[in-house]
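One file, input27.cif, is given below (mmCIF, C-alpha atoms).
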```
data_target
#
loop_
_atom_site.label_atom_id
_atom_site.label_comp_id
_atom_site.auth_asym_id
_atom_site.auth_seq_id
_atom_site.Cartn_x
_atom_site.Cartn_y
_atom_site.Cartn_z
CA MET A 1 74.54 192.98 49.00
CA LYS A 2 70.95 193.19 50.18
CA ARG A 3 68.87 190.06 50.00
CA CYS A 4 65.26 189.09 50.60
CA PHE A 5 64.20 189.34 54.25
CA TRP A 6 63.84 185.58 54.72
CA VAL A 7 67.45 184.63 53.94
CA ASN A 8 69.27 183.33 57.00
CA MET A 9 72.66 184.94 56.49
CA ASP A 10 74.20 182.51 59.01
CA ASN A 11 73.44 179.53 56.73
CA PRO A 12 75.74 179.47 53.67
CA LEU A 13 73.49 176.87 51.97
CA TYR A 14 70.51 179.17 52.29
CA VAL A 15 72.42 182.21 51.01
CA LEU A 16 73.69 180.21 48.04
CA TYR A 17 70.19 178.88 47.34
CA HIS A 18 68.76 182.40 47.36
CA ASP A 19 71.56 183.86 45.26
CA ASP A 20 71.91 181.12 42.63
CA GLU A 21 68.69 179.10 42.51
CA TRP A 22 65.54 180.66 43.93
CA GLY A 23 63.52 182.46 41.33
CA VAL A 24 65.77 181.45 38.44
CA PRO A 25 63.59 180.08 35.60
CA LYS A 26 64.07 176.33 35.28
CA TYR A 27 63.16 174.26 32.25
CA ASP A 28 64.94 171.00 33.00
CA ASP A 29 62.58 168.24 34.14
CA GLN A 30 65.20 166.83 36.52
CA GLU A 31 65.45 170.13 38.41
CA LEU A 32 61.69 170.60 38.30
CA TYR A 33 61.10 167.12 39.67
CA GLU A 34 63.62 167.42 42.50
CA LEU A 35 62.16 170.72 43.64
CA LEU A 36 58.61 169.38 43.42
CA ILE A 37 59.51 166.48 45.71
CA LEU A 38 61.40 168.72 48.14
CA GLU A 39 58.50 171.21 48.25
CA MET A 40 56.13 168.35 49.11
CA PHE A 41 58.32 167.46 52.07
CA GLN A 42 58.33 171.10 53.13
CA ALA A 43 54.58 170.99 53.92
CA GLY A 44 54.32 172.07 57.56
CA LEU A 45 58.06 172.69 57.85
CA SER A 46 60.52 175.41 56.90
CA TRP A 47 62.31 175.42 53.57
CA GLU A 48 65.59 175.84 55.43
CA THR A 49 65.01 172.47 57.15
CA ILE A 50 64.49 170.79 53.78
CA LEU A 51 67.42 172.59 52.17
CA ASN A 52 69.73 171.47 54.97
CA LYS A 53 68.69 167.85 54.26
CA ARG A 54 68.75 168.15 50.46
CA ASP A 55 71.86 165.99 49.95
CA ASN A 56 70.37 163.33 52.23
CA PHE A 57 67.16 163.39 50.17
CA ARG A 58 69.20 162.98 46.98
CA LYS A 59 70.94 159.90 48.38
CA ALA A 60 67.78 158.40 49.86
CA PHE A 61 65.71 158.96 46.71
CA ASP A 62 68.23 157.68 44.15
CA ASN A 63 69.23 161.17 43.00
CA PHE A 64 65.57 161.84 42.25
CA ASP A 65 65.53 159.30 39.42
CA TRP A 66 61.81 159.08 38.68
CA ASN A 67 62.31 155.81 36.78
CA LYS A 68 63.48 154.21 40.03
CA ILE A 69 61.14 156.03 42.40
CA VAL A 70 58.03 155.06 40.44
CA ASN A 71 58.88 151.41 41.29
CA TYR A 72 59.48 151.87 45.02
CA ASP A 73 57.79 149.15 47.03
CA GLU A 74 56.93 148.57 50.69
CA ASP A 75 60.51 147.49 51.47
CA LYS A 76 61.87 150.77 50.08
CA ILE A 77 59.23 152.77 51.96
CA ASN A 78 60.27 151.03 55.19
CA GLU A 79 63.93 151.73 54.41
CA LEU A 80 63.15 155.42 53.90
CA MET A 81 61.18 155.49 57.15
CA GLN A 82 64.39 154.47 58.96
CA ASP A 83 66.55 157.14 57.27
CA LYS A 84 67.25 159.82 59.89
CA GLY A 85 68.72 162.12 57.23
CA ILE A 86 65.32 162.87 55.65
CA ILE A 87 61.82 163.74 56.84
CA ARG A 88 60.35 160.40 57.86
CA ASN A 89 56.70 160.96 57.11
CA ARG A 90 55.06 157.88 55.60
CA ARG A 91 52.27 159.84 53.89
CA LYS A 92 54.79 162.12 52.20
CA ILE A 93 56.99 159.21 51.12
CA GLU A 94 54.00 157.36 49.68
CA SER A 95 52.92 160.58 47.97
CA VAL A 96 56.31 160.85 46.28
CA ILE A 97 55.68 157.51 44.56
CA ASN A 98 52.11 158.48 43.66
CA ASN A 99 53.11 161.92 42.39
CA THR A 100 55.98 160.46 40.39
CA LYS A 101 53.54 158.38 38.35
CA ILE A 102 51.50 161.50 37.65
CA PHE A 103 54.62 163.54 36.86
CA MET A 104 55.59 160.92 34.28
CA ASP A 105 52.07 160.90 32.83
CA ILE A 106 52.27 164.68 32.43
CA GLN A 107 55.65 164.30 30.71
CA LYS A 108 54.11 161.86 28.21
CA GLU A 109 51.10 164.10 27.63
CA TYR A 110 53.02 167.38 27.19
CA GLY A 111 56.43 166.18 26.03
CA SER A 112 57.99 167.42 29.28
CA PHE A 113 56.87 168.59 32.69
CA ALA A 114 58.50 171.93 31.90
CA LYS A 115 56.16 172.51 28.95
CA TYR A 116 53.22 171.68 31.21
CA ILE A 117 54.14 173.92 34.15
CA TRP A 118 55.19 176.87 31.98
CA SER A 119 52.01 176.59 29.88
CA PHE A 120 50.06 178.12 32.75
CA THR A 121 51.83 181.46 32.18
CA ASN A 122 52.42 181.28 28.44
CA ASN A 123 56.13 180.82 29.26
CA GLN A 124 56.21 184.17 31.04
CA VAL A 125 57.72 184.89 34.46
CA ILE A 126 55.14 186.42 36.80
CA ILE A 127 56.31 189.24 39.08
CA THR A 128 54.55 189.22 42.46
CA ASP A 129 54.70 190.64 45.95
CA SER A 130 57.21 188.84 48.15
CA LYS A 131 54.86 188.82 51.14
CA VAL A 132 52.05 186.66 49.71
CA VAL A 133 51.94 182.86 50.09
CA SER A 134 49.53 181.99 47.28
CA ASN A 135 47.73 183.59 44.36
CA GLU A 136 45.26 182.79 41.61
CA LEU A 137 47.94 181.01 39.57
CA SER A 138 48.94 178.70 42.44
CA ASP A 139 45.24 178.06 43.13
CA ILE A 140 44.69 176.98 39.51
CA ILE A 141 47.78 174.77 39.30
CA SER A 142 47.14 173.22 42.71
CA LYS A 143 43.58 172.37 41.69
CA GLU A 144 44.80 170.89 38.39
CA LEU A 145 47.50 168.76 40.06
CA ARG A 146 45.08 167.52 42.72
CA LYS A 147 42.52 166.71 40.03
CA ARG A 148 45.20 164.54 38.41
CA GLY A 149 45.67 162.80 41.78
CA MET A 150 48.78 164.46 43.23
CA LYS A 151 49.09 164.84 46.98
CA PHE A 152 50.81 167.54 49.09
CA VAL A 153 50.32 170.11 46.35
CA GLY A 154 48.08 172.65 48.05
CA THR A 155 48.14 176.22 46.85
CA VAL A 156 50.79 177.38 49.36
CA ILE A 157 53.16 174.53 48.42
CA VAL A 158 52.53 175.15 44.71
CA TYR A 159 53.17 178.88 45.16
CA SER A 160 56.45 178.13 46.91
CA TYR A 161 57.31 175.69 44.12
CA LEU A 162 56.57 178.28 41.43
CA GLN A 163 58.88 180.72 43.22
CA ALA A 164 61.61 178.09 43.49
CA ILE A 165 61.48 177.25 39.77
CA GLY A 166 61.29 180.86 38.62
CA VAL A 167 57.75 180.87 37.22
CA ILE A 168 57.09 183.47 39.91
CA ASN A 169 59.68 186.11 40.73
CA SER A 170 59.02 187.59 44.13
CA HIS A 171 62.46 188.80 45.12
CA GLU A 172 61.99 191.95 47.16
CA PRO A 173 62.64 195.26 45.38
CA VAL A 174 65.56 195.95 47.75
CA CYS A 175 67.14 192.56 47.02
CA PHE A 176 70.00 192.54 44.54
CA LYS A 177 67.99 189.89 42.61
CA GLY A 178 64.82 192.02 42.65
CA VAL A 179 63.21 193.20 39.43
CA GLY A 180 65.38 195.87 37.89
CA ASN A 181 68.35 195.05 40.14
CA GLY A 182 69.92 192.07 38.47
#
```
Could the structure of this file be written out as structure tokens, please?
Amino acid sequence: MKRCFWVNMDNPLYVLYHDDEWGVPKYDDQELYELLILEMFQAGLSWETILNKRDNFRKAFDNFDWNKIVNYDEDKINELMQDKGIIRNRRKIESVINNTKIFMDIQKEYGSFAKYIWSFTNNQVIITDSKVVSNELSDIISKELRKRGMKFVGTVIVYSYLQAIGVINSHEPVCFKGVGNG
């Protein structure tokens, strides 16, 4: 089977992620939240690095339970800074707590984060070129999230997030998951 050019065929986790997760429309707030946090940690790094540490992130961040994360204090931040299984970047860890509060505010305002994020496309999947790293949609959402106070949600990170959660489908035409192929 042909896959998108970026898939490292030597990494079974990456192949599985591409085949089963990436670009699949997601509507569950738990999945949306986990991927948002992981995408934040990706800033300046490769997705493969984050994916390889995903289980460590789940353990370190209480299975991405936003009700726990929103209450993280300085002791928990210091504990996370000692965890060699995750990316130990204090600004990103602090941003997780900050962004969690905003995520929860959006849930209250819209009924779910899924309703909020999908509202930008009228619940439609957007088909785009696999070679771009941002677009007008990611610009708009990034600006909106930053206006609400989120951090590490620049347009490139947001674009990558939208691809991960299936709002944007940019599987290559030759990929078995490409438009018209699967």
TODO: Give me the result of the PyMOL selection byres ((chain A and resi 83-98) around 8) on this file, residue by residue, as a ChimeraX atom specification.
DONE: /A:37,40-41,53,56-57,60,69-72,77,79-82,99-102,149-152
Open item on the list: Need to verify the contact set: Tyr159 in chain A, 9 Å, only C-alpha atoms, exclusion of same-chain residues closer than 4 positions in sequence. Can you return it as a ChimeraX atom specification?
Closed with: /A:133-135,137-139,141-142,154-155,163-164,168
Task: Residue nearest Leu35 in chain A - candidates A:Tyr161, A:Tyr116, A:Tyr14, A:Trp66, atoms counted: only C-alpha atoms - done: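 Checking each candidate against Leu35 in chain A, we get A:Tyr161 as the closest.
Nearest-residue note for Lys143 in chain A: choosing from A:Leu16, A:Ala43, A:Val158, A:Met1, the minimum distance belongs to A:Val158, counting all atoms listed in the file.
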TODO: Using the chain letters and residue numbers of this document, give as number ranges by chain the residues selected by the PyMOL selection byres ((chain A and resi 110-113) around 12).
DONE: A: 26-34, 36, 100, 102-109, 114-120, 145
For the selection you just gave me, I'd like the residues written to a file as a compact mmCIF listing (two decimals), keeping the file's coordinate frame, keeping C-alpha atoms.
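File written: again.txt
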```txt
# COMPACT_ATOMS: atom_id res chain seq x y z
CA LYS A 26 64.07 176.33 35.28
CA TYR A 27 63.16 174.26 32.25
CA ASP A 28 64.94 171.00 33.00
CA ASP A 29 62.58 168.24 34.14
CA GLN A 30 65.20 166.83 36.52
CA GLU A 31 65.45 170.13 38.41
CA LEU A 32 61.69 170.60 38.30
CA TYR A 33 61.10 167.12 39.67
CA GLU A 34 63.62 167.42 42.50
CA LEU A 36 58.61 169.38 43.42
CA THR A 100 55.98 160.46 40.39
CA ILE A 102 51.50 161.50 37.65
CA PHE A 103 54.62 163.54 36.86
CA MET A 104 55.59 160.92 34.28
CA ASP A 105 52.07 160.90 32.83
CA ILE A 106 52.27 164.68 32.43
CA GLN A 107 55.65 164.30 30.71
CA LYS A 108 54.11 161.86 28.21
CA GLU A 109 51.10 164.10 27.63
CA ALA A 114 58.50 171.93 31.90
CA LYS A 115 56.16 172.51 28.95
CA TYR A 116 53.22 171.68 31.21
CA ILE A 117 54.14 173.92 34.15
CA TRP A 118 55.19 176.87 31.98
CA SER A 119 52.01 176.59 29.88
CA PHE A 120 50.06 178.12 32.75
CA LEU A 145 47.50 168.76 40.06
```
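Between CA of Asn52 in chain A and CA of Asp19 in chain A there is a distance of 15.8 Å.
The space between CA of Ile140 in chain A and CA of Ile157 in chain A spans 12.5 Å.
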TODO: Please return, as a ChimeraX atom specification, all polymer residues that have at least one atom within 10 Å of the point (62.7, 181.6, 35.9); use all atoms listed in the file and the file's own coordinate frame.
DONE: /A:21-27,118,123-126,162-169
Atoms kept (C-alpha atoms) for selection, written as a PDB file, in the frame of the given file:
```pdb
ATOM      1  CA  GLU A  21      68.690 179.100  42.510  1.00  0.00           C
ATOM      2  CA  TRP A  22      65.540 180.660  43.930  1.00  0.00           C
ATOM      3  CA  GLY A  23      63.520 182.460  41.330  1.00  0.00           C
ATOM      4  CA  VAL A  24      65.770 181.450  38.440  1.00  0.00           C
ATOM      5  CA  PRO A  25      63.590 180.080  35.600  1.00  0.00           C
ATOM      6  CA  LYS A  26      64.070 176.330  35.280  1.00  0.00           C
ATOM      7  CA  TYR A  27      63.160 174.260  32.250  1.00  0.00           C
ATOM      8  CA  TRP A 118      55.190 176.870  31.980  1.00  0.00           C
ATOM      9  CA  ASN A 123      56.130 180.820  29.260  1.00  0.00           C
ATOM     10  CA  GLN A 124      56.210 184.170  31.040  1.00  0.00           C
ATOM     11  CA  VAL A 125      57.720 184.890  34.460  1.00  0.00           C
ATOM     12  CA  ILE A 126      55.140 186.420  36.800  1.00  0.00           C
ATOM     13  CA  LEU A 162      56.570 178.280  41.430  1.00  0.00           C
ATOM     14  CA  GLN A 163      58.880 180.720  43.220  1.00  0.00           C
ATOM     15  CA  ALA A 164      61.610 178.090  43.490  1.00  0.00           C
ATOM     16  CA  ILE A 165      61.480 177.250  39.770  1.00  0.00           C
ATOM     17  CA  GLY A 166      61.290 180.860  38.620  1.00  0.00           C
ATOM     18  CA  VAL A 167      57.750 180.870  37.220  1.00  0.00           C
ATOM     19  CA  ILE A 168      57.090 183.470  39.910  1.00  0.00           C
ATOM     20  CA  ASN A 169      59.680 186.110  40.730  1.00  0.00           C
TER      21      ASN A 169
END
```
TODO: Could you tell me how far CA of Ile50 in chain A lies from CA of Leu38 in chain A, in Å and to one decimal?
DONE: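 Interatomic distance here is 6.8 Å.
Using the PyMOL selection byres ((chain A and resi 170) around 6) on the file at hand returns these residues: Ile127, Thr128, Asp129, Ser130, Asn169 and His171 of chain A.
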- [ ] Return the single residue from A:Glu74, A:Glu172, A:Glu48, A:Glu136 that is closest to Asn11 in chain A, with distances computed using all atoms listed in the file.
- [x] A:Glu48
- [ ] Using all atoms listed in the file, find the one residue out of A:Thr49, A:Gln42, A:Val179, A:Lys76 that sits nearest to Asp62 in chain A.
- [x]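 Answer, going by the shortest atom-to-atom distance: A:Lys76.
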Hey, could you patch up range 97-117 of chain A with N, CA and C atoms and hand it over as a PDB file, in the frame of the given file?
```
ATOM      1  N   ILE A  97      55.856 158.574  45.550  1.00  0.00           N
ATOM      2  CA  ILE A  97      55.680 157.510  44.560  1.00  0.00           C
ATOM      3  C   ILE A  97      54.442 157.798  43.710  1.00  0.00           C
ATOM      4  N   ASN A  98      53.346 158.133  44.365  1.00  0.00           N
ATOM      5  CA  ASN A  98      52.110 158.480  43.660  1.00  0.00           C
ATOM      6  C   ASN A  98      52.328 159.652  42.703  1.00  0.00           C
ATOM      7  N   ASN A  99      52.922 160.724  43.199  1.00  0.00           N
ATOM      8  CA  ASN A  99      53.110 161.920  42.390  1.00  0.00           C
ATOM      9  C   ASN A  99      54.100 161.703  41.245  1.00  0.00           C
ATOM     10  N   THR A 100      55.026 160.787  41.448  1.00  0.00           N
ATOM     11  CA  THR A 100      55.980 160.460  40.390  1.00  0.00           C
ATOM     12  C   THR A 100      55.268 159.859  39.190  1.00  0.00           C
ATOM     13  N   LYS A 101      54.328 158.973  39.453  1.00  0.00           N
ATOM     14  CA  LYS A 101      53.540 158.380  38.350  1.00  0.00           C
ATOM     15  C   LYS A 101      52.818 159.474  37.577  1.00  0.00           C
ATOM     16  N   ILE A 102      52.247 160.418  38.285  1.00  0.00           N
ATOM     17  CA  ILE A 102      51.500 161.500  37.650  1.00  0.00           C
ATOM     18  C   ILE A 102      52.447 162.439  36.910  1.00  0.00           C
ATOM     19  N   PHE A 103      53.587 162.737  37.508  1.00  0.00           N
ATOM     20  CA  PHE A 103      54.620 163.540  36.860  1.00  0.00           C
ATOM     21  C   PHE A 103      54.993 162.926  35.512  1.00  0.00           C
ATOM     22  N   MET A 104      55.214 161.617  35.506  1.00  0.00           N
ATOM     23  CA  MET A 104      55.590 160.920  34.280  1.00  0.00           C
ATOM     24  C   MET A 104      54.458 160.914  33.260  1.00  0.00           C
ATOM     25  N   ASP A 105      53.225 160.810  33.734  1.00  0.00           N
ATOM     26  CA  ASP A 105      52.070 160.900  32.830  1.00  0.00           C
ATOM     27  C   ASP A 105      51.999 162.272  32.173  1.00  0.00           C
ATOM     28  N   ILE A 106      52.267 163.309  32.965  1.00  0.00           N
ATOM     29  CA  ILE A 106      52.270 164.680  32.430  1.00  0.00           C
ATOM     30  C   ILE A 106      53.378 164.832  31.396  1.00  0.00           C
ATOM     31  N   GLN A 107      54.545 164.250  31.677  1.00  0.00           N
ATOM     32  CA  GLN A 107      55.650 164.300  30.710  1.00  0.00           C
ATOM     33  C   GLN A 107      55.216 163.689  29.369  1.00  0.00           C
ATOM     34  N   LYS A 108      54.562 162.532  29.437  1.00  0.00           N
ATOM     35  CA  LYS A 108      54.110 161.860  28.210  1.00  0.00           C
ATOM     36  C   LYS A 108      53.080 162.722  27.478  1.00  0.00           C
ATOM     37  N   GLU A 109      52.174 163.305  28.232  1.00  0.00           N
ATOM     38  CA  GLU A 109      51.100 164.100  27.630  1.00  0.00           C
ATOM     39  C   GLU A 109      51.607 165.389  26.987  1.00  0.00           C
ATOM     40  N   TYR A 110      52.556 166.058  27.639  1.00  0.00           N
ATOM     41  CA  TYR A 110      53.020 167.380  27.190  1.00  0.00           C
ATOM     42  C   TYR A 110      54.399 167.361  26.517  1.00  0.00           C
ATOM     43  N   GLY A 111      55.075 166.238  26.569  1.00  0.00           N
ATOM     44  CA  GLY A 111      56.430 166.180  26.030  1.00  0.00           C
ATOM     45  C   GLY A 111      57.486 166.432  27.085  1.00  0.00           C
ATOM     46  N   SER A 112      57.129 167.188  28.107  1.00  0.00           N
ATOM     47  CA  SER A 112      57.990 167.420  29.280  1.00  0.00           C
ATOM     48  C   SER A 112      57.127 168.064  30.363  1.00  0.00           C
ATOM     49  N   PHE A 113      57.572 167.922  31.598  1.00  0.00           N
ATOM     50  CA  PHE A 113      56.870 168.590  32.690  1.00  0.00           C
ATOM     51  C   PHE A 113      57.055 170.096  32.571  1.00  0.00           C
ATOM     52  N   ALA A 114      58.221 170.496  32.074  1.00  0.00           N
ATOM     53  CA  ALA A 114      58.500 171.930  31.900  1.00  0.00           C
ATOM     54  C   ALA A 114      57.466 172.586  30.989  1.00  0.00           C
ATOM     55  N   LYS A 115      57.167 171.951  29.871  1.00  0.00           N
ATOM     56  CA  LYS A 115      56.160 172.510  28.950  1.00  0.00           C
ATOM     57  C   LYS A 115      54.814 172.649  29.662  1.00  0.00           C
ATOM     58  N   TYR A 116      54.487 171.653  30.462  1.00  0.00           N
ATOM     59  CA  TYR A 116      53.220 171.680  31.210  1.00  0.00           C
ATOM     60  C   TYR A 116      53.188 172.849  32.199  1.00  0.00           C
ATOM     61  N   ILE A 117      54.182 172.933  33.063  1.00  0.00           N
ATOM     62  CA  ILE A 117      54.140 173.920  34.150  1.00  0.00           C
ATOM     63  C   ILE A 117      54.246 175.346  33.609  1.00  0.00           C
TER      64      ILE A 117
END
```
